[in-house]
Structures are given as C-alpha cells and as structure tokens.
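Notes to accompany the following structure.
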There are 4 protein chains.
Amino acid sequence: MAVNKIDLNSDVGESFGNYRLGMDEKIIPLISSANIACGFHAGDPIVMKRTIAVAKEHGVAPGAHPGFPDLMGFGRRKMDVSLDEIKDYVIYQMGALQAFAAAQGMALQHVKPHGALYNMAAEDLTIWDAVAEVITAVDSQLVLFVMAGPWRQELEAIGVRHGIRMAFEFFGDRAYNPDGTLVSRKLPGAVIHDHELVAEKVLKMVKEGRVVCIDGTEIELAAETICVHGDNPAALELVRNVRKSLEEAGVEIVPPASFL
Amino acid sequence: MAVNKIDLNSDVGESFGNYRLGMDEKIIPLISSANIACGFHAGDPIVMKRTIAVAKEHGVAPGAHPGFPDLMGFGRRKMDVSLDEIKDYVIYQMGALQAFAAAQGMALQHVKPHGALYNMAAEDLTIWDAVAEVITAVDSQLVLFVMAGPWRQELEAIGVRHGIRMAFEFFGDRAYNPDGTLVSRKLPGAVIHDHELVAEKVLKMVKEGRVVCIDGTEIELAAETICVHGDNPAALELVRNVRKSLEEAGVEIVPPASFL
Amino acid sequence: MAVNKIDLNSDVGESFGNYRLGMDEKIIPLISSANIACGFHAGDPIVMKRTIAVAKEHGVAPGAHPGFPDLMGFGRRKMDVSLDEIKDYVIYQMGALQAFAAAQGMALQHVKPHGALYNMAAEDLTIWDAVAEVITAVDSQLVLFVMAGPWRQELEAIGVRHGIRMAFEFFGDRAYNPDGTLVSRKLPGAVIHDHELVAEKVLKMVKEGRVVCIDGTEIELAAETICVHGDNPAALELVRNVRKSLEEAGVEIVPPASFL
Amino acid sequence: MAVNKIDLNSDVGESFGNYRLGMDEKIIPLISSANIACGFHAGDPIVMKRTIAVAKEHGVAPGAHPGFPDLMGFGRRKMDVSLDEIKDYVIYQMGALQAFAAAQGMALQHVKPHGALYNMAAEDLTIWDAVAEVITAVDSQLVLFVMAGPWRQELEAIGVRHGIRMAFEFFGDRAYNPDGTLVSRKLPGAVIHDHELVAEKVLKMVKEGRVVCIDGTEIELAAETICVHGDNPAALELVRNVRKSLEEAGVEIVPPASFL
C-alpha cells in the first residue's frame, strides 16, 4: 500500500429526471474519484453528462457506479440475479457512462458496484470475479473498487487472473467487526458521527494500515481509497476535516489509477 | 452511390426479459448490418450481448438502434423531447452497446435511430444534426443511417460538418410519395406485399438510383442501405428473394462502412 | 359558481423511492383537495399510502393525479398516445390510488390529469371526453378537474353526457391571455410572483368570476378550484396569504364535491 | 374441501406493449379463474383491459396477479423487500386491476401473488399474513390463493384472523416432496409431462385429497384450485385432458368464490 497517497471516492450523479439528490457540485471538488450512477438504480442520461462535466472541471477521475435495475429501491435491495445478469448489467452501465466520458474527451478510471450489488459481492467472491471478468473484457485499464478486508489476497488473486487493478476501499465513518466486515447499520455505533474520530481512523489506516474495531481489537486493513459522502452539509464538513487531516500529515489525495 | 455494393439492414435484438420478439437467428445471416435495440424501447443487457454474438458469428456489422425511453410504446410514439435529451439518450444507448461489442472484440459500425426518433428526425433536420454531433463526439468512425430522399444534400452537409459518414436508407417494401416521403401506413398501398415487386424496386434503386412513386411518377433516390424485416416467415422469404435478385444482378451485399 | 365556497388544490405525493420532492406535510394542511401522483410520472406505492394518510389526517379530499408513463420526464413531455391509451392509463392509476384510499377507509373525491396530459386535454376536448368517460365507468361520484376558460360550456356538456361533475380550475399565479389560455412560461410575466397580486386575482375570480388578462383586458372566468403549489417555502407563504385573504372575505375553503 | 367442485386457474394478461405472451384467448375459456398480471412484472393497462374483457366474455372470474416491480426479470427473482413494500405493491396492483374490472361492470374474485413473491410467501408465513391484511383492508370479499400443503391450518388461521377466504392451490403437473413442497425445477422429474398422469393426479387430489410424492409416499393435500398453463399448444391440450377427466368424474369446474 502507498502510505503517502490515498484516494477519496464518493457516490455522485444520483439525481433522476425532476428529482435532485446529493450535493454534487460541492462534494466533487473535495474528492479524487467520482462514482457516477449509470441509470439503473439512479442517474439518467442528462445527469450522467452533467456529472462527467463537473468531474472534468475539477480534475476528478470518473468511474461507473453500476447497480441493480431497481430505481424504486435505489439499488439497495438484494435481488436473486444470476452471474450472467450481473455481468451484463455491469457491461451495459459501464458502457453507457464510457460514452459520456468519451464525448467529453475523458476516459473512465474505475468501476465501483453500488448498494446491494456491492454488498452481495462482499459476501460472495464469485461476484467480484464476474465483475472483474467483464471489466477486463471491456477495458483492462479500468480499476475495480472492492471492499478492503482480510480477504484482500483472494481478491488480489482475482485481479491478477483477469489482469485488472483493484483499489481496496475503507469506510472511515463505519465501525468494523474484528473479521473485517462492517458493523450492521441496525446496531448501535455502526456509523461514526464524530468528525475527529473519523479523521483519526482514516489517518491510522493510511499511515499504519490498521483499524481499531468496535470491540477495541485492532486489525490490519490496507486500502487505497476511502469512501466519503456528500449528501448533506455535515457530510461535506466531515470530508473537509478528513482532507485537512490527511494533507497536514503529508498524504496526497489522488486517484488510485495514478499510484496503483 | 456505389452501384455494385449495397447494404441490407434489419432491426434486431428487440426481445426483452421473458419476452421474445423477432427471428434474429434467421434474419441476421441474411443481412449485412444489424440494428440492435439498446434497452430504451426494446432490448435488455442479456439480449444485447446475445445479439452481438449472433452478429459476430455471421460476420454482420453491428450498430446501435437507439430509441425513446418508452418500452410500453416500443419507442413508436413521438415524444416532445429537447435536442439535449435526444443527444444524451443516443450517447447512453450507443455507449451501452459499444461495451457489449468491445467485450466480444468487436466495434460498432453504425447508429440508426429507431421508430418515433427516426420519424421525428426525418421531419426535422436539427435532430439529424444533433445525432450526428454526438456520434462524432463518441466515435467519428461510426456511420449514421438516415432516410434517403431529395434532402440528401442537406443531410450530407450535416455529415461533412461533423466529419461523419452517412448511409442513406431505402425502404423496398414501402410506397413513396413524389416528394420522397413514405406513403403513410394508414393509406392503401403503403406497404408492398408482392415479393417480386419489392425485388424489382430494390434492384431499380440500386442500379439506377430511382424509384417509381405511388402516383406512377419516377424520382431520383440514391441509397446505400436497404431496410428489411425479420419478424415473420414471410418477411424472411422476402429478404431471401431480394438477396437472390441482387446477387443475380452482380450486386454485392456488404456493410456500408466497407464502401462509403 | 358558488361565490362563498372555493377549493384549493395542490399536486402532492410526487416523491419516488429514495427521492423526496415537495413539502407535502406542510402544504396538505393548507389545501382542501390533494392531487396525488399515481406512479407513472411520479409517486410510488409507499408514497401513495403515506400521502393518503396525510390527507386523511388533515381532512383533505384525496384525488388521483394520473400522468404519462414517463418518470424520466416527470410526465411533462407530450406523447403521441391514442385515446385508448389515455383511457387505460387513467383507469390504471385511478384504480391504484382508490385501493390505497379504500385500505384507509377513504374514497377518492376527484381526478386531475397531470402535466402534459392536462395540457394536451386543454387543447383537445376529445381527451377530456375520454377521461370523463372512464371516470364515470369506474366511479360516477368522482369529480373531474378541468381547466377553466371560455370553453366551459363545451366541457360542461361533456360532463352532462357522461353524468359526471366537473370542477373548473383557476391558476392564481399565472397570467392569462384574453382567449382564456395561460401565457406561455417562456414569455415574460407568465408567472406572478407578487403574493398580494395573486391574492387579489384569486379574490376577484371568486367574488366576480373575472380575471384581468396580461394585456389589461378583463374576461369572465368561473372556477371552483384554485391550483396552488407547495414545493418551496415561498410557495407555502403564498398559499397562506391566499387563504387569509379568502377567509377575511368570508369565503369558505372546502373540497368541491361538497358544493358542486 | 368440496369434492364435487374444483377451480382451474391460470396466469394470463402477461403481454406488455408490443410484446405478446401466452395464448389468453385459448386458455381463458378452459379455466374458471384468471390470474391477471397488473403491470409490475408483466401486463400493461391496455392488456389488463383486454384480459378483463376476455374473462368477462367467458364467464371466468378475474383475479389480481401482483408481482415484484421487475419487468426485466418477469417477477421471478426474489427481492429483499420489506413487508411494508409487499403490502403496498399488492394494494397498488390490486387496485389498478379492480378499476378495469369496475369499468366493465365486474368485480375481482381473488388475488394470487406471482412468481418470486408467491415463492417467498410459501417460505415465510408473515408474507401471507401481510398480503391477507391488505386484501381485507381493500375488499374483504376477495379470495386469497395460497399454496396447498401441510401448513394449511396455519394459513387458515391467518385467513380467519383477517376475515378472508383462502383457496389452496394444487400443482397437477409438478412433483411433490413428502413435506408438501414442490420438487425443485432443477431436479429431474420436477415437471410431469405425461398428460394422463397429470389428469390422474388431479383427480386423486380432488376425490381423495391426497397426492403421491416423488418418492412414492402418499400425503394428504387438500386444495380448491388447480394451477394450469396456457402458453403453448401442449399446455392447452393438457388442460383439456384435465377438464375432460374431471367432468367425466362428475366434478364441476367453478370459481372458488362460489363454493368457499
């Protein structure tokens, strides 16, 4: 892991038609990688074009954020889909966004599955394998964002097999279980609201590659990208804090394709 | 116009989920360009992948067939959309199909707007202009399929301005008005069911660049691609007749990118 | 027209899935009729249930607000649909909302077509006729909200023929042309932002059945319901002003089914 | 269980827009209860109207066949939805179909959940409970179709609690496990293709309330309705055989609301 460089990523482009969601113009200048919704769980063609434009304006690396075809559930509901369906849903959404990037002279940097698709992949390596397979087939320069954890070696092996780079993702505002999974949002303490604490956890992960879990134990956790949110003013403030803390520690905030 | 070469194109990949439409496996071997639905008015990711595979198997050039976001109306209902919406709908669908092509080692040859979008463009050159603009922005090698007619020079000027090739399309089984428009389907004689007559009209257009209109007058009509259908056994038989007639006359049936 | 009673109606229930739109909890207590989106252009089953509940809580009469199947365009784009399609889209959406009302021991009061459907009807009486026909067929107690204007007699004749009541709708914050149509939003002065002026116009219409047009001429305009908005704090303030002005003038704000 | 009366039900109205599915005009005359898709997993407003009309023409009792909002997956993919979502999806779809029935002077007889929703309910009684709750709230005369099996008493208790009638459903062409569940379609022998054998199984269930399982053991299985299919000529022939066999045995084929 690169200790002097880290990526900040955030989900953006989640508006749809007449519906506005998020504060994209505010969060995009604060991050280095933008996960752009591709029209299945959120986003539409107009929104995708605009979001690519905002990312370009701020020199932020755009990536596809494919989800399930479930706008009503915002892609957050697990669906009993086949691996073939997952592959084709990812190809479709990735391609749609690629065209908007190409039309503005850009290329996508990465792919990060959204919501239930991400969560299902985190519980089933064959899904990461399927996603890696199709990303490579479409563009082997793309970086796949996956969840950091003790399963890193297994995921890296998938990346090697498909000839694809992976960026492991850390959740600074979420409590971890000792097995590297996230504490369920249904449990108390799952989400960390204290900005100082979040900045501390992020810095520790970046500098030491370790995280203190909810039970006080400490585990190794190497990551190249940190997930942040931009859907409300408090979230933006948290990101500013994290940036400041990282910069003061001499850590450069840059897209992972630049250092992987 | 190339008198010894002509393209046959057909709309395919129009199935959706559990719904089957068309006889793609039968019609694709008979054509040189396949217009593949991209998920807005028809088609879904699974269907798109399969249709690209069938086109590849038969050496048929794949193209995007973007339509309005109106699955319930099969993209056949005019919608009061803006040029910006049209542009972004085309980019989105084109990109989605490009990724399926890329994943199978292919590149798209062309873009042919579908249904109401095609019909609206035929009545409003600014739509052709908007579509040409975004196609060029995404991939200037793509050929845009447009309707043949007396407006050819104006459309060619649009193509020149955007640096894009156009293939003009002839409808062999439709009656023409003397102004180059198609006779409305609501009128008697609009669709020609006689296979011999269709083959004759096609051959005349290919050899002489002329068509006999519904009122008996003859007009110039240059085209590089001919629209055929494959959704029923009679349509397939008609295509076989057209092919036979063209081949006997020494006309080569090839994708337009090869001779434009 | 009842000069001592008037209805205030507003479009509500326009959220969808993860997307929030409008300030339903704030506007519903200020109106007497709630036009609830039914899932085609906006709204979803969860939102419909909740909106019926809020209407019930405040004694506001619920109505169906059917639109085109165009979530991406929020039902604001004209579509070239047939009268049969319009009829069936209205039946479908009306029925869906009826069930949510029934499940909470309520009945719908009215139907008000949304967006492009309303605008298309305002230009084509056969659409009002089609909508009236299906409303009667499903529940002849329902009131149809239509646009007020010089065409009132023709619309009333449609209502009589189908045995259905109509409530004519006035737009207090929109400038009128002398022919009774609304000044296009693309023109300056189309929307009136001065709260006092809106309250004045509303009171004049209620008391005198007349409106001063954009060119200064005055025309007759009888209406039983006034369209108001609740999607931002200024709009809510405007509605409070209108209510106050009406109440001070001794006008009762009640659902039209109570006085038609 | 009524030994001299039985219902035959089939899923119909599954076409969508330009897509045709099933042979509704052929199967509806052969059944007594029609499960009509309601626009989420299949069906659209035009199709719903037409299907109600065909059911009316043949004196067949119409029922709602609500499914998940997953047209791409035909409602066959399990989704991790909440009970509240299930309730509201059922209310919405039931209401939409009720309006089409009402517009043609009919009332719905029953509700039968579709596909993954039915399968999830069969594994989780709280789903049946949720569905029963909302059906009662909308119209307590409606009959809920549920899966027959050893869990009959528990389901009946749910029906009693909500004051709703239930019709238990038997699958004549499916092999049963000794625990009353269906043999998975992934296993050999899951679907019975022998028409005589199906007719025999149906008759045995109707006359004796028993079924021979895949392992040869015999279990009690009381049902009031039998699921049949009409999507191909062989399926229609099978239904004709079943009808003939039942009629020769003096069993009357009638909608369950008439004898429950």
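Lettering and numbering for the structure tokens are positional, with chains as A, B, ... in the shown order, residues counted from 1 in each chain, and ligands counted from 1 in the shown order.
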
Exercise for the section: Please give the complete set of residues from segment 35-160 of chain B that DSSP, run on the backbone, assigns to strand (DSSP E), formatted as a PyMOL selection string. Expected result: chain B and resi 35-37+61-65+110-111+143-147

Exercise for the section: Please report as a VMD selection string which residues of chain C come no farther than 10 Å from chain D, using only C-alpha atoms. Expected result: chain C and resid 38 to 39 44 to 49 84 to 105 133 to 139

Neighbours of Pro150 of chain C within 10 Å (only C-alpha atoms; same-chain residues fewer than 4 positions away dropped), as a PDB file with C-alpha atoms, in the first residue's frame?
ATOM      1  CA  GLU C 154     -68.485  22.662 -24.046  1.00  0.00           C
ATOM      2  CA  LEU C 155     -66.810  20.910 -21.135  1.00  0.00           C
ATOM      3  CA  PRO C 178     -57.574  37.201 -23.457  1.00  0.00           C
ATOM      4  CA  ASP C 179     -58.677  33.887 -25.004  1.00  0.00           C
ATOM      5  CA  GLY C 180     -58.571  32.219 -21.589  1.00  0.00           C
ATOM      6  CA  THR C 181     -55.372  30.277 -22.155  1.00  0.00           C
ATOM      7  CA  ILE C 219     -62.614  38.345 -19.148  1.00  0.00           C
ATOM      8  CA  GLU C 220     -65.167  36.155 -17.432  1.00  0.00           C
ATOM      9  CA  LEU C 221     -63.612  33.141 -15.764  1.00  0.00           C
ATOM     10  CA  ALA C 222     -65.627  30.962 -13.441  1.00  0.00           C
TER      11      ALA C 222
END

Fill in the blank from the handout: Counting only C-alpha atoms, the residue among D:Glu57, D:Glu218, D:Asp80, D:Asp7 that lies closest to Glu25 of chain D is D:Glu57

Handout entry: Test item, alpha helix (DSSP H) assignment across segment 25-124 of chain D, answer as a ChimeraX atom specification
Key = /D:25-27,45-57,83-103,115-122

Problem - Exercise: Gly250 of chain D partners within 9 Å, only C-alpha atoms, chain neighbours under 5 positions left out, as a PyMOL selection string - result: chain D and resi 4-5+245

Exercise for the section: Report the distance between atom CA of Ala122 of chain A and atom CA of Arg76 of chain D in Å, rounded to one decimal place. Expected result: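 Computing the Euclidean distance for atom CA of Ala122 of chain A and atom CA of Arg76 of chain D yields 23.8 Å.
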
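Distances here use only C-alpha atoms; by that measure, the residue among C:Asp231, C:Glu169, C:Arg240, C:Val160 closest to Ala199 of chain C is C:Arg240.
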
Practice task
Give me, please, the distance in Å between atom CA of Met23 of chain A and atom CA of Pro256 of chain A, quoted to one decimal.
Solution key: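 Straight-line distance from atom CA of Met23 of chain A to atom CA of Pro256 of chain A works out to 23.1 Å.
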
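When only C-alpha atoms are used to measure the gap to Ile164 of chain D, the shortest distance among D:Phe68, D:Phe145, D:Phe74, D:Trp151 belongs to D:Phe145.
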
So which residues touch Gln109 of chain D within 6 Å, counting only C-alpha atoms, skipping near sequence neighbours fewer than 6 positions away, as a tab-separated table (two decimals) with C-alpha atoms, in the first residue's frame?
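Final output, around.tsv:
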chain	number	residue	atom	x	y	z
D	61	ALA	CA	-63.64	-14.99	-12.53
D	62	PRO	CA	-60.86	-12.39	-12.74
D	63	GLY	CA	-58.22	-12.01	-10.08
D	142	LEU	CA	-61.63	-11.23	-2.21

Exercise for the section: Determine, counting only C-alpha atoms, which protein, DNA and RNA residues have an atom within 9 Å of an atom of Arg77 of chain D; residues of the same chain fewer than 4 positions away are not included. Present the result as JSON, numbers by chain. Expected result: {"A": [79, 80, 81], "D": [68, 70, 73, 115, 116, 117]}

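By chain and then residue number, the residues within 12 Å of Val191 of chain C are C:Phe171, C:Gly172, C:Asp173, C:Arg174, C:Ala175, C:Tyr176, C:Leu182, C:Val183, C:Ser184, C:Arg185, C:Lys186, C:Leu187, C:Pro188, C:Gly189, C:His193, C:Asp194, C:His195, C:Leu197, C:Val198, C:Ile214, counting only C-alpha atoms and disregarding those fewer than 2 positions away in sequence.
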
Exercise for the section: Quote the spacing between atom CA of Ile6 of chain A and atom CA of Ile253 of chain A in Å to one decimal place. Expected result: 5.1 Å
